[in-house]
>>> print(open('query-v5.pdb').read())   # PDB, C-alpha atoms
ATOM      1  CA  MET T   1      59.578 278.586 225.498
ATOM      2  CA  THR T   2      58.588 279.030 229.128
ATOM      3  CA  ARG T   3      60.070 277.138 232.072
ATOM      4  CA  LYS T   4      56.770 275.342 232.651
ATOM      5  CA  ARG T   5      56.616 274.092 229.078
ATOM      6  CA  ARG T   6      60.270 272.921 229.191
ATOM      7  CA  ARG T   7      59.605 270.972 232.397
ATOM      8  CA  LEU T   8      56.535 269.408 230.838
ATOM      9  CA  TYR T   9      58.553 268.262 227.803
ATOM     10  CA  ILE T  10      61.273 266.845 230.035
ATOM     11  CA  LEU T  11      58.696 264.960 232.138
ATOM     12  CA  LEU T  12      56.986 263.621 229.003
ATOM     13  CA  ALA T  13      60.318 262.468 227.564
ATOM     14  CA  CYS T  14      61.218 260.752 230.862
ATOM     15  CA  GLY T  15      57.799 259.092 231.002
ATOM     16  CA  ILE T  16      58.102 257.804 227.447
ATOM     17  CA  GLY T  17      61.617 256.543 228.133
ATOM     18  CA  LEU T  18      60.558 254.773 231.334
ATOM     19  CA  GLY T  19      57.504 253.256 229.645
ATOM     20  CA  SER T  20      59.608 251.994 226.750
ATOM     21  CA  ALA T  21      62.181 250.460 229.088
ATOM     22  CA  THR T  22      59.422 248.735 231.069
ATOM     23  CA  ALA T  23      57.797 247.372 227.913
ATOM     24  CA  LEU T  24      61.110 246.019 226.612
ATOM     25  CA  THR T  25      61.902 244.379 229.954
ATOM     26  CA  LEU T  26      58.511 242.686 230.192
ATOM     27  CA  THR T  27      58.776 241.472 226.608
ATOM     28  CA  ALA T  28      62.194 239.951 227.317
ATOM     29  CA  PHE T  29      60.921 238.215 230.461
ATOM     30  CA  SER T  30      57.843 236.758 228.755
ATOM     31  CA  ASP T  31      60.070 234.477 226.670
ATOM     32  CA  SER T  32      61.876 233.119 229.719
ATOM     33  CA  LEU T  33      58.896 232.574 232.022
ATOM     34  CA  VAL T  34      58.297 228.901 232.803
ATOM     35  CA  PHE T  35      54.830 227.832 233.899
ATOM     36  CA  PHE T  36      53.918 224.786 235.998
ATOM     37  CA  VAL T  37      51.368 222.383 234.554
ATOM     38  CA  SER T  38      49.939 219.045 235.592
ATOM     39  CA  PRO T  39      49.177 216.201 233.179
ATOM     40  CA  SER T  40      45.471 217.087 233.449
ATOM     41  CA  ASP T  41      46.220 220.693 232.425
ATOM     42  CA  ILE T  42      48.082 219.473 229.345
ATOM     43  CA  ALA T  43      45.264 217.058 228.477
ATOM     44  CA  ALA T  44      42.710 219.859 228.760
ATOM     45  CA  LYS T  45      44.630 222.658 227.037
ATOM     46  CA  GLY T  46      47.186 220.869 224.882
ATOM     47  CA  GLY T  47      50.730 222.039 224.330
ATOM     48  CA  ASN T  48      51.701 225.296 222.757
ATOM     49  CA  GLY T  49      55.424 224.727 222.216
ATOM     50  CA  ARG T  50      56.462 226.730 225.287
ATOM     51  CA  THR T  51      58.866 225.457 227.891
ATOM     52  CA  VAL T  52      56.887 224.329 230.945
ATOM     53  CA  ARG T  53      57.425 222.502 234.206
ATOM     54  CA  LEU T  54      55.421 219.268 234.303
ATOM     55  CA  GLY T  55      54.854 217.930 237.799
ATOM     56  CA  GLY T  56      53.343 214.818 239.303
ATOM     57  CA  LEU T  57      54.321 211.318 240.302
ATOM     58  CA  VAL T  58      56.249 208.751 238.296
ATOM     59  CA  GLU T  59      53.650 206.109 237.460
ATOM     60  CA  GLN T  60      54.343 202.604 238.785
ATOM     61  CA  GLY T  61      55.645 200.251 236.089
ATOM     62  CA  SER T  62      56.245 202.995 233.521
ATOM     63  CA  TYR T  63      60.013 203.558 233.853
ATOM     64  CA  GLN T  64      62.141 202.181 231.020
ATOM     65  CA  ARG T  65      65.816 202.831 230.350
ATOM     66  CA  GLY T  66      67.142 202.450 226.810
ATOM     67  CA  ALA T  67      70.039 203.525 224.627
ATOM     68  CA  GLY T  68      68.245 206.818 223.851
ATOM     69  CA  GLY T  69      67.635 207.682 227.509
ATOM     70  CA  ALA T  70      64.869 207.193 230.029
ATOM     71  CA  THR T  71      61.146 206.992 229.370
ATOM     72  CA  PHE T  72      58.535 207.188 232.118
ATOM     73  CA  LYS T  73      55.042 208.499 232.739
ATOM     74  CA  VAL T  74      54.162 211.399 235.013
ATOM     75  CA  THR T  75      50.663 211.266 236.461
ATOM     76  CA  ASP T  76      48.459 213.412 238.657
ATOM     77  CA  GLY T  77      45.946 210.627 239.293
ATOM     78  CA  ASN T  78      43.635 211.549 236.405
ATOM     79  CA  ASN T  79      45.944 211.719 233.396
ATOM     80  CA  ALA T  80      49.471 210.620 232.540
ATOM     81  CA  ILE T  81      52.034 212.049 230.118
ATOM     82  CA  THR T  82      54.945 210.058 228.681
ATOM     83  CA  VAL T  83      58.241 211.821 229.421
ATOM     84  CA  ARG T  84      61.457 211.208 227.480
ATOM     85  CA  TYR T  85      64.736 212.285 229.059
ATOM     86  CA  ALA T  86      68.229 211.762 227.642
ATOM     87  CA  GLY T  87      70.297 212.579 230.695
ATOM     88  CA  ILE T  88      71.325 211.267 234.068
ATOM     89  CA  LEU T  89      68.355 210.946 236.401
ATOM     90  CA  PRO T  90      68.634 212.156 240.011
ATOM     91  CA  ASP T  91      69.633 209.588 242.640
ATOM     92  CA  LEU T  92      66.235 209.904 244.339
ATOM     93  CA  PHE T  93      64.309 209.222 241.122
ATOM     94  CA  ARG T  94      62.115 206.110 241.270
ATOM     95  CA  GLU T  95      58.613 204.989 240.455
ATOM     96  CA  GLY T  96      55.929 206.293 242.765
ATOM     97  CA  GLN T  97      57.920 209.399 243.718
ATOM     98  CA  GLY T  98      57.174 213.023 242.935
ATOM     99  CA  VAL T  99      59.061 214.732 240.104
ATOM    100  CA  VAL T 100      59.092 218.058 238.357
ATOM    101  CA  THR T 101      60.371 217.999 234.770
ATOM    102  CA  LEU T 102      61.322 220.973 232.641
ATOM    103  CA  GLY T 103      60.742 220.639 228.916
ATOM    104  CA  VAL T 104      58.430 220.958 225.925
ATOM    105  CA  LEU T 105      55.382 218.972 224.830
ATOM    106  CA  GLN T 106      56.078 217.282 221.501
ATOM    107  CA  PRO T 107      53.582 217.048 218.597
ATOM    108  CA  ASP T 108      53.167 213.286 219.236
ATOM    109  CA  GLY T 109      51.879 214.025 222.780
ATOM    110  CA  SER T 110      55.036 213.018 224.622
ATOM    111  CA  PHE T 111      57.029 215.415 226.778
ATOM    112  CA  ARG T 112      60.716 215.999 225.963
ATOM    113  CA  ALA T 113      62.411 216.886 229.258
ATOM    114  CA  SER T 114      65.638 218.834 229.499
ATOM    115  CA  GLU T 115      65.769 218.584 233.296
ATOM    116  CA  VAL T 116      64.290 216.211 235.885
ATOM    117  CA  LEU T 117      64.049 217.089 239.578
ATOM    118  CA  ALA T 118      63.114 214.454 242.165
ATOM    119  CA  LYS T 119      61.684 215.194 245.569
ATOM    120  CA  HIS T 120      64.208 215.044 248.362
ATOM    121  CA  ASP T 121      62.399 213.150 251.124
ATOM    122  CA  GLU T 122      59.192 211.332 251.958
ATOM    123  CA  THR T 123      57.356 214.362 253.340
ATOM    124  CA  TYR T 124      58.254 216.916 250.672
ATOM    125  CA  MET T 125      55.850 217.668 247.856
ATOM    126  CA  PRO T 126      56.250 220.657 245.515
ATOM    127  CA  GLN T 127      53.522 223.228 246.143
ATOM    128  CA  GLU T 128      52.381 223.002 242.527
ATOM    129  CA  VAL T 129      51.967 219.216 242.778
ATOM    130  CA  ALA T 130      49.984 219.585 246.003
ATOM    131  CA  ASP T 131      47.777 222.210 244.324
ATOM    132  CA  ALA T 132      47.223 219.910 241.335
ATOM    133  CA  LEU T 133      46.191 217.071 243.678
ATOM    134  CA  LYS T 134      43.735 219.334 245.465
ATOM    135  CA  LYS T 135      42.351 220.656 242.178
ATOM    136  CA  SER T 136      41.844 217.153 240.749
ATOM    137  CA  GLY T 137      40.044 216.086 243.928
ATOM    138  CA  HIS T 138      42.522 213.371 244.890
ATOM    139  CA  TRP T 139      43.565 215.039 248.114
ATOM    140  CA  ASN T 140      41.628 216.973 250.684
ATOM    141  CA  PRO T 141      44.095 218.595 253.116
ATOM    142  CA  ASN T 142      41.450 218.485 255.866
ATOM    143  CA  ALA T 143      41.273 214.680 255.569
ATOM    144  CA  GLY T 144      44.960 214.170 256.328
ATOM    145  CA  PRO T 145      48.280 213.941 254.507
ATOM    146  CA  PRO T 146      48.446 213.391 250.754
ATOM    147  CA  PRO T 147      47.979 209.833 249.505
ATOM    148  CA  PRO T 148      51.128 207.700 249.388
ATOM    149  CA  ALA T 149      53.068 208.196 246.184
ATOM    150  CA  SER T 150      52.901 204.489 245.358
ATOM    151  CA  THR T 151      49.099 204.701 244.945
ATOM    152  CA  TRP T 152      48.920 207.645 242.547
ATOM    153  CA  ASN T 153      48.397 205.699 239.360
ATOM    154  CA  SER T 154      45.598 203.692 240.979
ATOM    155  CA  LEU T 155      43.582 206.507 242.576
ATOM    156  CA  THR T 156      39.922 206.088 241.808
ATOM    157  CA  GLY T 157      37.981 207.892 244.514
ATOM    158  CA  LYS T 158      37.829 211.588 245.260
ATOM    159  CA  GLY T 159      39.075 212.985 248.538
ATOM    160  CA  GLY T 160      41.802 210.722 249.818
ATOM    161  CA  GLY T 161      43.745 210.744 252.984
TER     162      GLY T 161
END
>>> encode(input="query-v5.pdb", output="structure tokens")
Amino acid sequence: MTRKRRRLYILLACGIGLGSATALTLTAFSDSLVFFVSPSDIAAKGGNGRTVRLGGLVEQGSYQRGAGGATFKVTDGNNAITVRYAGILPDLFREGQGVVTLGVLQPDGSFRASEVLAKHDETYMPQEVADALKKSGHWNPNAGPPPPASTWNSLTGKGGG
């Protein structure tokens, strides 16, 4: 066996090893990736049993606290999803405020959250929520700031500002 052929075999073995390691790493990460969705995305595509981040505003009048935990609706202005959460809600959680919930869509159409994050001040809005508002047509950044959180479940016109 010549030196050239030995080097070629070594390079091929290294390439196969590196490719296999990359494939295994990407496969492991695909199970832990969490995607952001809006209620309109879920209404259009349905749930697939994957863990996702659902973002929007807590709909006015939808929050209920019971023995089994909290129930509320998250809306993006077009659609709303009922969220069930059996934990302690953040101090800043309230109706009309932006939230991002981590969980899984249930077969009955509700969303079982394992984590609820509330926005931290009046001017903050998660980038994904802002993108969902723009996509749904409820906010045009050129027309001014996003609509007040308290009006999200009553948005009827496109644009906003």
>>> atom_distance(input="query-v5.pdb", atom1="CA of Gly68 (chain T)", atom2="CA of Gly49 (chain T)")
22.1 Å
>>> residues_near_point(input="query-v5.pdb", point="(51.3, 221.5, 241.4)", cutoff="12 Å", atoms="only C-alpha atoms", output="JSON, numbers by chain")
{"T": [35, 36, 37, 38, 39, 40, 41, 53, 54, 55, 56, 57, 75, 76, 98, 99, 100, 101, 125, 126, 127, 128, 129, 130, 131, 132, 133, 134, 135, 136]}
>>> closest_residue(input="query-v5.pdb", among="T:Ala113, T:Val52, T:Ile42, T:Leu105", to="Ala86 (chain T)", atoms="only C-alpha atoms")
T:Ala113
>>> resolve_selection(input="query-v5.pdb", expression="the PyMOL selection byres ((chain T and resi 97) around 6)", output="list in words")
Leu57, Val58, Arg94, Glu95, Gly96, Gly98 and Ala149 of chain T
>>> resolve_selection(input="query-v5.pdb", expression="the PyMOL selection byres ((chain T and resi 114) around 9)", output="VMD selection string")
chain T and resid 84 to 87 101 to 104 112 to 113 115 to 116
>>> atom_distance(input="query-v5.pdb", atom1="CA of Gly61 (chain T)", atom2="CA of Lys73 (chain T)")
8.9 Å
>>> atom_distance(input="query-v5.pdb", atom1="CA of Phe72 (chain T)", atom2="CA of Ala43 (chain T)")
16.9 Å
>>> closest_residue(input="query-v5.pdb", among="T:Gln60, T:Leu89, T:Thr2, T:Val74", to="Ser110 (chain T)", atoms="only C-alpha atoms")
T:Val74
